[in-house]
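Participant: For reference, the structure I am asking about is given below.
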Amino acid sequence: MAEFRKLAKDVYVFLQPPLVWYSSAGVIIGEQDVIVVDSLTNAAMTQSLRAEIRRVTDKPIRFLINTHSHADHVYTNHLFPEATVLTTHRGRERTKDSRKVQGKHDALFARLFSDVDFRGGRYTLQDMSISGCLSFYQGEREVRVLELGVGHSESDVVVHLPGEKIVFCGDLFLNGMPPLPGEGHVTQTIASYKAIEALEADIYVAGHGDPGTLADVRAQRTLLESQFQRARECFERGMSYDAALQALAGDDVPLDFQRMIILSSYCEFTGKLPESTDPASQNHLTMLQGIATEAKLLLGRKG
Ligand SMILES: [Zn+2]
């Protein structure tokens with residue numbers, strides 16, 4: 001069940017069952033209007049979110065911020081027609097690319113994630129793009145949009161409320177499951193973790209799962225650092241990606257998450273996608289399907 005949870009005065013998070021494709025959305029109510037952080041996967045989820053917003057305010061939704069371009073964070077942008085939608089320049093470019101192959105994505109999602117409802121969802125281009133940093137001011141409140149760079153996605157954005165000490169982290173921070181550096185830049189992902197730790201917030205809203213604390217974010221970063229270090233040791237010993245995967249499999253990180261971390265590590269070490277005989281490593285979406293299954297096991301216990 002979804003939950004609309006108050007985090008501070010006029011700041012809410014729409015929490016969904018803690019699963020892949022069921023992302024969280026932020027709601028920040030100002031004196032004049034409302035800012036929403038991330039749209040959702042399907043029309044029904046979005047209707048629930050909008051109904052919850054209307055329960056607490058009748059102010060217009062003026063801005064919608066996409067933390068990155070993945071479907072579960074942008075797929076219902078068009079269901080906020082009154083809002084100006086913004087994301088990073090890279091995020092907008094990626095959304096544009098995804099939009100061109102919408103039919104292919106529809107078919108893949110239907111085949112690989114047949115239990116997920118994508119109805120009413122599609123890629124819609126953002127109206128504005130930012131590079132770096134942008135601040136909104138809602139009266140006394142500052143809402144800071146920070147672009148941290150490549151990490152989980154093409155360029156991760158977090159939304160920081162310095163006054164309330166809240167950070168909406170997008171999928172840079174996933175609570176209850178390991179980090180997913182999806183773009184082959186683990187060092188930069190670790191740097192982004194450190195950047196959000198430096199904000200010293202009280203509440204870190206995860207892209208999926210319950211909001212966490214600074215300690216939760218730090219623990220995720222430490223886990224990623226240790227996995228990255230182990231991958232590096234394999235690489236420096238001259239081991240292939242497949243050999244590294246085999247050597248490291250079975251420790252405390254579920255296999256498909258680990259695959260993503262080692263694959264990204266090897267991409268970073270070599271500057272290209274490593275060759276592999278492992279079918280899941282060759283196919284990003286097959287790996288994502290595995291991650292979704294593992295996440296269900298990890299998080300389903302809580303949900
Ligand atoms: Zn997500």
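Starting from 1 in every chain, residues are counted up; chains themselves are A, B, ... following the order of the structure tokens, and ligands are numbered from 1 as listed.
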Do a neighbour search on Thr46 of chain A at 10 Å with only C-alpha atoms, toss out local chain neighbours closer than 5 positions, and write the hits as a list in words.

Facilitator: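 Near Thr46 of chain A, the qualifying residues are Ala25, Ser39, Leu40, Thr41, Ala51, Glu52, Tyr75, Thr76, Asn77, Leu79, Phe80, Gly120 and Gly121 of chain A.
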
Participant: With C-alpha atoms kept, could you save the residues just selected as a PDB file, in the first residue's frame?

Facilitator:
ATOM      1  CA  ALA A  25       7.717  11.037  -4.934  1.00  0.00           C
ATOM      2  CA  SER A  39       6.616  11.364 -11.490  1.00  0.00           C
ATOM      3  CA  LEU A  40       5.716   7.679 -11.275  1.00  0.00           C
ATOM      4  CA  THR A  41       5.382   4.503 -13.326  1.00  0.00           C
ATOM      5  CA  ALA A  51      -5.398  12.796  -4.636  1.00  0.00           C
ATOM      6  CA  GLU A  52      -3.081  12.818  -1.595  1.00  0.00           C
ATOM      7  CA  TYR A  75       6.827   8.070 -16.865  1.00  0.00           C
ATOM      8  CA  THR A  76       3.865  10.221 -15.836  1.00  0.00           C
ATOM      9  CA  ASN A  77       5.308  13.680 -16.484  1.00  0.00           C
ATOM     10  CA  LEU A  79      -0.070  13.740 -16.068  1.00  0.00           C
ATOM     11  CA  PHE A  80       1.156  17.004 -14.524  1.00  0.00           C
ATOM     12  CA  GLY A 120      -0.752   5.312 -18.831  1.00  0.00           C
ATOM     13  CA  GLY A 121       3.008   5.761 -18.591  1.00  0.00           C
TER      14      GLY A 121
END

Participant: Give the residues close to ligand 1, within 6 Å, counting only C-alpha atoms and all ligand atoms; write them as number ranges by chain.

Facilitator: A: 21, 23, 72, 171, 207

Participant: Would you please give, as number ranges by chain, all residues of segment 28-96 of chain A that DSSP assigns to strand (DSSP E) based on the backbone?

Facilitator: A: 28-29, 34-37, 61-65, 84-88

Participant: Kindly indicate which residue among A:Glu82, A:Asp251, A:Glu164, A:Glu233 lies nearest to Leu199 of chain A, using only C-alpha atoms for the distances.

Facilitator: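 Looking at the shortest contact to Leu199 of chain A, the residue is A:Glu164.
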
Participant: Point out the residue among A:His185, A:His73, A:His78, A:Lys96 with the least atom-to-atom distance to Thr270 of chain A, counting only C-alpha atoms.

Facilitator: A:His185

Participant: Between A:Asp242, A:Asp106, A:Glu200, A:Glu142, which is the closest to Phe118 of chain A once you count only C-alpha atoms?

Facilitator: A:Asp106

Participant: Determine which residues of segment 180-245 of chain A receive a DSSP assignment of helix (DSSP H, G or I), computed from the backbone, and state them as a ChimeraX atom specification.

Facilitator: /A:186-197,214-236,241-245

Participant: Ranking A:Ile130, A:Val13, A:Ile61, A:Leu285 by minimum distance to His89 of chain A and counting only C-alpha atoms, which one comes first?

Facilitator: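 Nearest candidate to His89 of chain A out of A:Ile130, A:Val13, A:Ile61, A:Leu285: A:Ile130.
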